file final.tsv (TSV, C-alpha atoms and all ligand atoms)
chain	number	residue	atom	x	y	z
A	475	MET	CA	-42.67	0.09	10.18
A	476	PRO	CA	-41.73	2.67	7.51
A	477	LYS	CA	-42.02	1.57	3.88
A	478	ILE	CA	-39.21	-0.38	2.27
A	479	GLU	CA	-37.42	1.67	-0.37
A	480	LEU	CA	-34.32	1.27	-2.50
A	481	LEU	CA	-31.48	3.56	-1.38
A	482	THR	CA	-30.41	6.24	-3.84
A	483	GLN	CA	-27.16	5.59	-5.74
A	484	GLU	CA	-25.58	8.47	-3.86
A	485	THR	CA	-26.34	6.87	-0.49
A	486	ILE	CA	-25.20	3.46	-1.72
A	487	ASP	CA	-21.92	5.00	-2.89
A	488	LYS	CA	-21.34	6.75	0.41
A	489	ILE	CA	-21.97	3.57	2.41
A	490	ALA	CA	-19.73	1.53	0.13
A	491	ALA	CA	-17.04	4.20	0.34
A	492	GLY	CA	-16.87	3.63	4.09
A	493	GLU	CA	-15.56	0.11	3.46
A	494	VAL	CA	-12.54	1.30	1.53
A	495	ILE	CA	-11.92	4.85	2.73
A	496	GLU	CA	-11.75	5.03	6.48
A	497	ARG	CA	-9.35	7.94	6.85
A	498	PRO	CA	-6.84	10.04	4.87
A	499	SER	CA	-4.25	7.26	5.00
A	500	SER	CA	-6.68	4.97	3.13
A	501	VAL	CA	-6.79	7.53	0.31
A	502	VAL	CA	-3.00	7.66	0.15
A	503	LYS	CA	-2.74	3.87	0.21
A	504	GLU	CA	-5.19	3.41	-2.64
A	505	LEU	CA	-3.70	6.15	-4.79
A	506	VAL	CA	-0.10	5.07	-4.27
A	507	GLU	CA	-1.11	1.50	-5.13
A	508	ASN	CA	-2.75	2.79	-8.28
A	509	ALA	CA	0.42	4.67	-9.17
A	510	LEU	CA	2.48	1.51	-8.66
A	511	ASP	CA	0.03	-0.51	-10.73
A	512	ALA	CA	0.39	2.14	-13.43
A	513	GLY	CA	4.10	1.33	-13.61
A	514	ALA	CA	5.35	4.54	-11.99
A	515	ASN	CA	8.89	4.60	-10.62
A	516	VAL	CA	8.73	8.15	-9.27
A	517	ILE	CA	5.91	8.90	-6.83
A	518	THR	CA	5.47	12.05	-4.77
A	519	VAL	CA	2.97	12.31	-1.93
A	520	GLU	CA	2.21	15.64	-0.39
A	521	ILE	CA	-0.18	16.23	2.51
A	522	LYS	CA	-1.41	19.09	4.64
A	523	ASP	CA	-3.25	18.82	7.98
A	524	GLY	CA	-2.58	15.09	8.19
A	525	GLY	CA	-4.20	14.68	4.79
A	526	ILE	CA	-7.57	15.90	6.06
A	527	SER	CA	-7.64	19.06	3.94
A	528	PHE	CA	-5.12	18.21	1.21
A	529	ILE	CA	-3.51	15.17	-0.40
A	530	ARG	CA	-1.60	15.34	-3.68
A	531	ILE	CA	-0.12	12.29	-5.34
A	532	THR	CA	1.92	12.59	-8.51
A	533	ASP	CA	3.22	9.67	-10.54
A	534	ASN	CA	5.03	9.11	-13.81
A	535	GLY	CA	2.95	6.07	-14.68
A	536	CYS	CA	0.95	5.22	-17.80
A	537	GLY	CA	-1.76	7.87	-17.33
A	538	ILE	CA	-5.45	7.48	-18.10
A	539	GLU	CA	-6.98	7.97	-21.56
A	540	LYS	CA	-9.38	10.89	-21.75
A	541	ASP	CA	-12.49	8.85	-22.56
A	542	GLN	CA	-11.69	6.34	-19.81
A	543	ILE	CA	-11.62	8.88	-17.00
A	544	PRO	CA	-15.33	8.95	-16.09
A	545	LEU	CA	-15.33	5.14	-16.17
A	546	ALA	CA	-12.45	4.96	-13.71
A	547	PHE	CA	-14.66	6.73	-11.16
A	548	LEU	CA	-17.52	4.26	-11.44
A	549	ARG	CA	-17.83	1.49	-8.89
A	550	HIS	CA	-16.48	-1.90	-9.91
A	551	SER	CA	-14.66	-0.52	-12.91
A	552	THR	CA	-11.11	-1.73	-13.29
A	553	SER	CA	-8.52	-2.33	-15.96
A	554	LYS	CA	-6.84	-5.03	-13.87
A	555	ILE	CA	-9.12	-8.06	-13.90
A	556	ARG	CA	-11.90	-9.27	-16.17
A	557	SER	CA	-13.26	-12.31	-14.34
A	558	VAL	CA	-13.06	-14.19	-11.02
A	559	GLU	CA	-10.57	-16.59	-12.58
A	560	ASP	CA	-8.16	-13.66	-12.88
A	561	LEU	CA	-8.20	-13.34	-9.10
A	562	LEU	CA	-6.02	-16.44	-8.90
A	563	THR	CA	-3.25	-14.83	-10.86
A	564	VAL	CA	-3.72	-11.13	-10.16
A	565	SER	CA	-0.40	-9.44	-9.53
A	566	SER	CA	-1.57	-5.83	-9.33
A	567	LEU	CA	-2.15	-4.25	-5.93
A	568	GLY	CA	-5.68	-3.21	-6.86
A	569	PHE	CA	-8.37	-5.13	-8.67
A	570	ARG	CA	-11.70	-4.34	-7.01
A	571	GLY	CA	-12.32	-1.13	-8.88
A	572	GLU	CA	-13.61	0.53	-5.74
A	573	ALA	CA	-11.04	3.09	-4.72
A	574	LEU	CA	-11.61	6.00	-7.10
A	575	SER	CA	-15.40	5.79	-6.85
A	576	SER	CA	-15.17	5.64	-3.06
A	577	ILE	CA	-12.79	8.58	-2.82
A	578	ALA	CA	-14.90	10.65	-5.22
A	579	ALA	CA	-18.00	9.89	-3.14
A	580	VAL	CA	-16.59	11.41	0.04
A	581	ALA	CA	-14.10	14.07	-1.09
A	582	GLN	CA	-13.34	16.78	-3.63
A	583	VAL	CA	-11.15	15.23	-6.30
A	584	GLU	CA	-9.10	16.85	-9.04
A	585	LEU	CA	-7.25	14.69	-11.53
A	586	ILE	CA	-4.68	15.72	-14.09
A	587	THR	CA	-3.50	12.94	-16.32
A	588	LYS	CA	-1.73	12.40	-19.62
A	589	PRO	CA	-0.87	9.06	-21.16
A	590	VAL	CA	2.56	8.81	-22.76
A	591	GLY	CA	2.16	9.79	-26.38
A	592	ALA	CA	-1.02	11.85	-25.94
A	593	LEU	CA	-0.65	15.42	-27.13
A	594	MET	CA	-2.67	16.98	-24.35
A	595	GLY	CA	-3.50	16.09	-20.80
A	596	VAL	CA	-6.90	16.26	-19.16
A	597	ARG	CA	-8.05	17.99	-16.00
A	598	TYR	CA	-11.05	16.34	-14.42
A	599	VAL	CA	-12.90	17.46	-11.30
A	600	ILE	CA	-15.38	15.30	-9.41
A	601	GLU	CA	-16.95	16.07	-6.04
A	602	GLY	CA	-19.39	13.92	-4.08
A	603	SER	CA	-19.55	11.59	-7.14
A	604	LYS	CA	-20.60	14.50	-9.38
A	605	GLU	CA	-18.51	15.53	-12.38
A	606	LYS	CA	-17.65	19.24	-12.15
A	607	ALA	CA	-15.15	19.80	-14.94
A	608	LYS	CA	-13.40	18.01	-17.77
A	609	GLU	CA	-11.04	19.95	-19.99
A	610	GLU	CA	-7.86	19.52	-21.98
A	611	ILE	CA	-4.72	21.09	-20.57
A	612	GLY	CA	-0.98	20.80	-20.99
A	613	ALA	CA	0.48	18.30	-18.52
A	614	PRO	CA	3.51	16.05	-18.07
A	615	ASP	CA	3.20	12.30	-18.72
A	616	GLY	CA	1.60	10.54	-15.78
A	617	THR	CA	-1.08	11.29	-13.24
A	618	THR	CA	-1.70	13.71	-10.40
A	619	PHE	CA	-4.55	13.28	-7.95
A	620	LEU	CA	-5.53	16.09	-5.65
A	621	ILE	CA	-7.91	15.16	-2.84
A	622	ARG	CA	-9.38	17.94	-0.75
A	623	ASN	CA	-11.54	17.90	2.36
A	624	ILE	CA	-12.15	14.23	2.94
A	625	PHE	CA	-15.64	13.52	4.37
A	626	TYR	CA	-16.74	17.11	3.64
A	627	ASN	CA	-20.18	15.71	2.82
A	628	THR	CA	-20.33	13.03	5.53
A	629	PRO	CA	-20.03	14.88	8.86
A	630	ALA	CA	-20.63	11.69	10.84
A	631	ARG	CA	-17.49	10.17	9.33
A	632	ARG	CA	-15.45	13.33	9.68
A	633	LYS	CA	-16.19	13.35	13.40
A	634	PHE	CA	-14.30	10.08	13.78
A	635	LEU	CA	-11.08	11.44	12.35
A	636	LYS	CA	-8.29	11.90	14.84
A	637	THR	CA	-6.10	14.99	15.11
A	638	ALA	CA	-4.17	16.12	12.04
A	639	GLN	CA	-1.01	14.97	13.76
A	640	THR	CA	-2.28	11.45	14.35
A	641	GLU	CA	-3.77	11.13	10.86
A	642	GLY	CA	-0.45	12.40	9.47
A	643	SER	CA	1.46	9.80	11.45
A	644	TYR	CA	-0.64	7.02	9.88
A	645	ILE	CA	0.30	8.33	6.44
A	646	SER	CA	3.92	8.60	7.45
A	647	GLY	CA	3.93	4.95	8.55
A	648	LEU	CA	2.23	3.95	5.34
A	649	MET	CA	4.83	5.77	3.24
A	650	GLU	CA	7.60	3.95	5.07
A	651	HIS	CA	6.00	0.63	4.20
A	652	MET	CA	5.50	1.73	0.61
A	653	ALA	CA	9.16	2.73	0.33
A	654	LEU	CA	10.34	-0.54	1.88
A	655	SER	CA	8.07	-2.68	-0.26
A	656	HIS	CA	9.13	-0.96	-3.49
A	657	PRO	CA	12.85	-0.21	-3.24
A	658	ASN	CA	13.04	0.42	-6.99
A	659	VAL	CA	10.59	3.30	-6.81
A	660	ALA	CA	11.77	6.80	-5.88
A	661	PHE	CA	9.34	8.04	-3.24
A	662	LYS	CA	9.08	11.51	-1.84
A	663	PHE	CA	6.80	12.28	1.07
A	664	ILE	CA	6.13	15.88	2.03
A	665	ALA	CA	3.99	16.89	5.02
A	666	ASN	CA	3.14	20.55	5.62
A	667	ASN	CA	5.83	21.62	3.12
A	668	GLN	CA	8.55	19.57	4.83
A	669	THR	CA	10.17	16.56	3.19
A	670	LYS	CA	9.77	13.65	5.61
A	671	LEU	CA	11.05	10.78	3.52
A	672	GLN	CA	12.87	10.54	0.24
A	673	THR	CA	14.21	7.39	-1.37
A	674	SER	CA	16.39	7.07	-4.42
A	675	GLY	CA	14.70	4.11	-6.06
A	676	ASN	CA	18.05	2.40	-6.58
A	677	GLY	CA	16.84	-0.84	-4.97
A	678	ASN	CA	19.10	-0.63	-1.93
A	679	ILE	CA	16.96	-1.81	0.98
A	680	LYS	CA	19.55	-1.09	3.64
A	681	GLU	CA	19.65	2.51	2.49
A	682	ILE	CA	15.88	2.81	2.94
A	683	ILE	CA	16.09	1.25	6.40
A	684	TYR	CA	18.74	3.83	7.24
A	685	HIS	CA	16.51	6.71	6.07
A	686	ILE	CA	13.60	5.48	8.14
A	687	TYR	CA	15.14	3.95	11.26
A	688	GLY	CA	18.53	5.59	11.52
A	689	ARG	CA	22.10	4.51	12.11
A	690	ASP	CA	21.84	2.34	15.23
A	691	ILE	CA	19.38	-0.09	13.75
A	692	THR	CA	21.14	-0.16	10.39
A	693	ALA	CA	24.35	-1.10	12.20
A	694	ALA	CA	22.67	-4.09	13.88
A	695	LEU	CA	21.18	-5.80	10.83
A	696	MET	CA	21.60	-9.37	9.66
A	697	GLU	CA	20.86	-10.23	6.06
A	698	ILE	CA	18.41	-13.07	5.54
A	699	HIS	CA	18.09	-15.56	2.70
A	700	GLY	CA	15.98	-18.68	2.75
A	701	GLY	CA	13.15	-20.59	1.24
A	702	ASN	CA	11.95	-23.84	-0.24
A	703	GLU	CA	10.10	-24.96	-3.38
A	704	GLU	CA	7.08	-22.86	-2.47
A	705	ILE	CA	8.47	-19.68	-1.00
A	706	THR	CA	11.54	-17.48	-1.04
A	707	ILE	CA	12.47	-15.27	1.86
A	708	HIS	CA	14.96	-12.43	1.96
A	709	GLY	CA	15.49	-9.20	3.80
A	710	PHE	CA	17.08	-7.86	6.95
A	711	VAL	CA	16.42	-8.53	10.62
A	712	GLY	CA	17.80	-6.86	13.70
A	713	LYS	CA	20.19	-8.61	16.01
A	714	PRO	CA	18.37	-9.51	19.22
A	715	VAL	CA	19.76	-6.40	20.94
A	716	VAL	CA	17.31	-4.34	18.88
A	717	THR	CA	13.93	-4.69	20.55
A	718	ARG	CA	10.66	-2.88	20.93
A	719	GLY	CA	7.78	-3.14	23.33
A	720	ASN	CA	5.32	-3.47	20.46
A	721	ARG	CA	5.13	-5.02	17.00
A	722	ASN	CA	5.74	-1.75	15.11
A	723	PHE	CA	9.21	-2.94	14.14
A	724	GLU	CA	7.91	-6.09	12.49
A	725	ASN	CA	7.69	-5.31	8.79
A	726	TYR	CA	6.98	-8.01	6.26
A	727	PHE	CA	5.82	-7.96	2.68
A	728	ILE	CA	4.29	-10.71	0.64
A	729	ASN	CA	4.61	-10.41	-3.10
A	730	GLY	CA	5.23	-6.68	-2.75
A	731	ARG	CA	2.32	-6.07	-0.42
A	732	TYR	CA	2.64	-4.86	3.18
A	733	ILE	CA	0.39	-7.08	5.25
A	734	LYS	CA	-0.41	-8.06	8.80
A	735	SER	CA	-0.48	-11.74	9.63
A	736	ARG	CA	-0.65	-13.42	13.00
A	737	LEU	CA	0.97	-16.47	11.51
A	738	ILE	CA	4.00	-14.57	10.23
A	739	SER	CA	4.39	-12.58	13.45
A	740	LYS	CA	4.21	-15.77	15.48
A	741	SER	CA	6.81	-17.41	13.30
A	742	ILE	CA	9.16	-14.43	13.74
A	743	GLU	CA	8.61	-14.23	17.48
A	744	ASP	CA	9.02	-17.96	18.01
A	745	ALA	CA	12.35	-17.82	16.20
A	746	TYR	CA	13.51	-15.01	18.49
A	747	LYS	CA	11.95	-16.57	21.59
A	748	ASN	CA	15.20	-17.63	23.23
A	749	PHE	CA	16.84	-14.28	22.59
A	750	MET	CA	14.19	-11.85	23.79
A	751	MET	CA	12.55	-10.89	27.01
A	752	LEU	CA	8.84	-11.38	27.29
A	753	HIS	CA	6.79	-8.70	25.49
A	754	GLN	CA	9.77	-7.52	23.48
A	755	TYR	CA	9.62	-7.77	19.71
A	756	PRO	CA	12.34	-7.85	17.07
A	757	PHE	CA	13.07	-5.59	14.11
A	758	THR	CA	12.40	-7.16	10.73
A	759	VAL	CA	12.12	-6.14	7.10
A	760	LEU	CA	11.26	-9.40	5.38
A	761	TYR	CA	10.20	-10.10	1.82
A	762	LEU	CA	8.31	-13.29	1.16
A	763	GLU	CA	7.65	-14.28	-2.41
A	764	MET	CA	5.37	-17.10	-3.40
A	765	ASP	CA	3.07	-18.21	-6.16
A	766	GLY	CA	-0.01	-15.97	-5.97
A	767	GLN	CA	-2.15	-19.08	-6.27
A	768	LEU	CA	-1.06	-20.11	-2.75
A	769	LEU	CA	-2.53	-16.89	-1.36
A	770	ASP	CA	-5.92	-15.30	-1.05
A	771	VAL	CA	-5.64	-11.54	-0.84
A	772	ASN	CA	-9.29	-11.08	-1.60
A	773	VAL	CA	-10.25	-11.21	2.06
A	774	HIS	CA	-10.88	-7.61	3.01
A	775	PRO	CA	-11.38	-4.46	0.92
A	776	ALA	CA	-8.34	-2.86	2.52
A	777	LYS	CA	-6.42	-6.07	1.73
A	778	MET	CA	-4.25	-5.98	4.84
A	779	GLU	CA	-5.07	-9.52	5.91
A	780	LEU	CA	-4.49	-12.50	3.76
A	781	ARG	CA	-4.94	-16.26	3.83
A	782	PHE	CA	-2.30	-18.87	3.08
A	783	GLN	CA	-3.11	-22.15	1.46
A	784	ASN	CA	-0.29	-23.79	3.40
A	785	GLY	CA	0.12	-21.67	6.52
A	786	GLU	CA	2.08	-24.30	8.40
A	787	GLY	CA	4.65	-24.55	5.61
A	788	VAL	CA	5.12	-20.77	5.61
A	789	TYR	CA	5.47	-20.70	9.39
A	790	ASP	CA	8.08	-23.48	9.41
A	791	CYS	CA	10.11	-22.11	6.55
A	792	LEU	CA	10.30	-18.59	7.95
A	793	ARG	CA	11.06	-19.74	11.48
A	794	ARG	CA	13.83	-22.05	10.26
A	795	THR	CA	15.33	-19.32	8.09
A	796	LEU	CA	15.42	-16.85	10.97
A	797	GLU	CA	16.77	-19.41	13.43
A	798	ASP	CA	19.58	-20.25	11.03
A	799	ALA	CA	20.61	-16.61	11.06
A	800	LEU	CA	20.16	-16.15	14.77
A	801	TYR	CA	22.15	-19.23	15.71
A	802	HIS	CA	24.83	-18.18	13.21
A	803	LYS	CA	24.33	-21.15	11.03
A	804	ASP	CA	24.94	-20.81	7.33
A	805	LEU	CA	22.73	-18.18	5.76
A	806	ILE	CA	22.58	-19.96	2.44
A	807	PRO	CA	19.32	-21.82	1.87
A	808	LYS	CA	19.71	-25.58	2.27
A	809	VAL	CA	17.15	-26.33	-0.38
A	810	PRO	CA	17.84	-24.79	-3.76
A	811	VAL	CA	15.42	-21.95	-4.30
A	812	ALA	CA	13.05	-22.53	-7.19
A	813	GLU	CA	13.29	-19.92	-9.92
B	1	LIG	P1	-8.51	-0.74	-9.17
B	1	LIG	O1	-7.19	-0.21	-8.74
B	1	LIG	O2	-9.03	-1.80	-8.24
B	1	LIG	O3	-8.56	-1.16	-10.61
B	1	LIG	P2	-9.42	1.98	-8.77
B	1	LIG	O4	-10.77	2.53	-8.46
B	1	LIG	O5	-8.35	2.19	-7.77
B	1	LIG	O6	-9.61	0.43	-9.05
B	1	LIG	O7	-8.93	2.55	-10.17
B	1	LIG	C1	-9.75	2.38	-11.31
B	1	LIG	C2	-8.93	2.36	-12.58
B	1	LIG	O8	-8.40	3.66	-12.83
B	1	LIG	C3	-7.72	1.45	-12.53
B	1	LIG	O9	-8.06	0.11	-12.87
B	1	LIG	C4	-6.78	2.10	-13.55
B	1	LIG	O10	-7.07	1.65	-14.84
B	1	LIG	C5	-7.13	3.58	-13.46
B	1	LIG	N1	-6.15	4.34	-12.64
B	1	LIG	C6	-6.30	4.73	-11.35
B	1	LIG	N2	-5.25	5.42	-10.90
B	1	LIG	C7	-4.36	5.47	-11.93
B	1	LIG	C8	-3.04	6.04	-12.10
B	1	LIG	N3	-2.42	6.70	-11.11
B	1	LIG	N4	-2.45	5.90	-13.31
B	1	LIG	C9	-3.07	5.23	-14.32
B	1	LIG	N5	-4.30	4.66	-14.21
B	1	LIG	C10	-4.94	4.77	-13.03
B	2	MG	MG	-6.83	0.86	-7.04

call {"tool": "encode", "arguments": {"input": "final.tsv", "output": "structure tokens", "more": "lines below"}}
Ligand code: ADP
Ligand code: MG
result
Amino acid sequence: MPKIELLTQETIDKIAAGEVIERPSSVVKELVENALDAGANVITVEIKDGGISFIRITDNGCGIEKDQIPLAFLRHSTSKIRSVEDLLTVSSLGFRGEALSSIAAVAQVELITKPVGALMGVRYVIEGSKEKAKEEIGAPDGTTFLIRNIFYNTPARRKFLKTAQTEGSYISGLMEHMALSHPNVAFKFIANNQTKLQTSGNGNIKEIIYHIYGRDITAALMEIHGGNEEITIHGFVGKPVVTRGNRNFENYFINGRYIKSRLISKSIEDAYKNFMMLHQYPFTVLYLEMDGQLLDVNVHPAKMELRFQNGEGVYDCLRRTLEDALYHKDLIPKVPVAE
């Protein structure tokens, strides 16, 4: 047996980075979430080569103070929680303080940021966790992150990337979910110098559905409203004529977060059961809002899965709401929705 030794910080960082940053789309997800947490309402995402060689994300959020920048790139450094108790009430999309350190461990990162009210902005460069530059420059309010050459220093990870086209399609899907989950934010997504998606940020969900899915689906939508004391549900679902052979049309968001949940999918599919052929799935864009204390989002670093305290209640409420719409019953919730 070789001797037991402590790993170097650099190796620890690279291993930890693998948990959060799996591919270019993970970078985009983390940085867009940071922009949203920073209060931005205009966010532009630009990629080249499926994000493998180039990702640029610009926001008009609160910016980062000059002396806080190096801190932001340390592991477990966050401005969003202070203790485990805060996890019960956390409303930001991030809170683990792992994204920036992970990205900086496996890519070449350039940051330009200026808090509102600061006279000058700062340009900061960090590559493979090593600071390369920090200087004052003129910049607009907000933050721009430029990420180049993901996994340039971890060839084993780079090997597992798919083609630029496939990686780009993951980012494209992600941007659609971001736009749908934040209708009040103006998103622009540019891939290889072409604008792929642009939303106005005026809050009109149907308009966003139109941009993403086109006229036929938009013409076959039913508006949904429902809920009980614990949960409110709203959004749009397709009439049963709109179907797909996979679950890619099932979009749902809980407290502003795009998630995957077997329970929610099952509830949707059971509601549609009598209207759909086997192995066909409906179109949905559903927003579920509930007290954060009834949820546990702290399940996986990528935070796609979550746990419900009262899963059965969520299942029943959603299924009933959808069935009411599908069977053309009244669309007004029977139980007054708690404020
Ligand atoms: P987390 O989002 O979990 O706090 P991150 O590593 O993603 O951790 O970010 C670290 C910190 O950097 C954040 O808590 C926030 O204070 C700051 N930050 C990151 N991105 C931005 C941004 N676009 N605008 C303003 N502050 C940001
Ligand atoms: Mg974050």

call {"tool": "residues_near_ligand", "arguments": {"input": "final.tsv", "ligand": "ligand LIG 1 (chain B)", "cutoff": "10 Å", "atoms": "all atoms listed in the file", "output": "PyMOL selection string"}}
result
chain A and resi 501+503-514+517+531-539+542-555+566-578+585-589+616-619+775

call {"tool": "residues_around", "arguments": {"input": "final.tsv", "residues": "range 706-710 of chain A", "least_positions_apart": "2", "cutoff": "9 Å", "atoms": "all atoms listed in the file", "output": "VMD selection string"}}
result
chain A and resid 679 to 680 695 to 704 712 726 757 to 764 791 to 792 795 811 to 812

call {"tool": "closest_residue", "arguments": {"input": "final.tsv", "among": "A:Val502, A:Leu481, A:Asp790, A:Pro476", "to": "ligand MG 2 (chain B)", "atoms": "all atoms listed in the file"}}
result
A:Val502

call {"tool": "atom_distance", "arguments": {"input": "final.tsv", "atom1": "CA of Leu737 in chain A", "atom2": "CA of Glu786 in chain A"}}
result
8.5 Å

call {"tool": "residues_around", "arguments": {"input": "final.tsv", "residues": "Lys740 in chain A", "least_positions_apart": "5", "cutoff": "9 Å", "atoms": "only C-alpha atoms", "output": "list in words"}}
result
Ser735, Ala745, Tyr789 and Arg793 of chain A

call {"tool": "build_atoms", "arguments": {"input": "final.tsv", "residues": "range 542-554 of chain A", "atoms": "N, CA and C atoms", "output": "PDB file, in the coordinates of the input"}}
result
ATOM      1  N   GLN A 542     -11.583   7.358 -20.862  1.00  0.00           N
ATOM      2  CA  GLN A 542     -11.690   6.340 -19.810  1.00  0.00           C
ATOM      3  C   GLN A 542     -11.875   6.958 -18.435  1.00  0.00           C
ATOM      4  N   ILE A 543     -11.653   8.266 -18.330  1.00  0.00           N
ATOM      5  CA  ILE A 543     -11.620   8.880 -17.000  1.00  0.00           C
ATOM      6  C   ILE A 543     -12.950   8.725 -16.237  1.00  0.00           C
ATOM      7  N   PRO A 544     -14.087   9.084 -16.860  1.00  0.00           N
ATOM      8  CA  PRO A 544     -15.330   8.950 -16.090  1.00  0.00           C
ATOM      9  C   PRO A 544     -15.579   7.498 -15.654  1.00  0.00           C
ATOM     10  N   LEU A 545     -15.190   6.560 -16.506  1.00  0.00           N
ATOM     11  CA  LEU A 545     -15.330   5.140 -16.170  1.00  0.00           C
ATOM     12  C   LEU A 545     -14.538   4.763 -14.929  1.00  0.00           C
ATOM     13  N   ALA A 546     -13.334   5.308 -14.834  1.00  0.00           N
ATOM     14  CA  ALA A 546     -12.450   4.960 -13.710  1.00  0.00           C
ATOM     15  C   ALA A 546     -13.100   5.308 -12.376  1.00  0.00           C
ATOM     16  N   PHE A 547     -14.018   6.299 -12.402  1.00  0.00           N
ATOM     17  CA  PHE A 547     -14.660   6.730 -11.160  1.00  0.00           C
ATOM     18  C   PHE A 547     -15.972   6.005 -10.881  1.00  0.00           C
ATOM     19  N   LEU A 548     -16.330   5.058 -11.718  1.00  0.00           N
ATOM     20  CA  LEU A 548     -17.520   4.260 -11.440  1.00  0.00           C
ATOM     21  C   LEU A 548     -17.145   3.097 -10.547  1.00  0.00           C
ATOM     22  N   ARG A 549     -18.110   2.649  -9.741  1.00  0.00           N
ATOM     23  CA  ARG A 549     -17.830   1.490  -8.890  1.00  0.00           C
ATOM     24  C   ARG A 549     -17.648   0.246  -9.723  1.00  0.00           C
ATOM     25  N   HIS A 550     -16.751  -0.614  -9.266  1.00  0.00           N
ATOM     26  CA  HIS A 550     -16.480  -1.900  -9.910  1.00  0.00           C
ATOM     27  C   HIS A 550     -16.002  -1.722 -11.345  1.00  0.00           C
ATOM     28  N   SER A 551     -15.285  -0.647 -11.601  1.00  0.00           N
ATOM     29  CA  SER A 551     -14.660  -0.520 -12.910  1.00  0.00           C
ATOM     30  C   SER A 551     -13.155  -0.597 -12.720  1.00  0.00           C
ATOM     31  N   THR A 552     -12.539  -1.501 -13.445  1.00  0.00           N
ATOM     32  CA  THR A 552     -11.110  -1.730 -13.290  1.00  0.00           C
ATOM     33  C   THR A 552     -10.501  -2.162 -14.611  1.00  0.00           C
ATOM     34  N   SER A 553      -9.225  -1.851 -14.778  1.00  0.00           N
ATOM     35  CA  SER A 553      -8.520  -2.330 -15.960  1.00  0.00           C
ATOM     36  C   SER A 553      -7.677  -3.561 -15.607  1.00  0.00           C
ATOM     37  N   LYS A 554      -7.814  -4.048 -14.350  1.00  0.00           N
ATOM     38  CA  LYS A 554      -6.840  -5.030 -13.870  1.00  0.00           C
ATOM     39  C   LYS A 554      -7.308  -6.475 -13.864  1.00  0.00           C
TER      40      LYS A 554
END
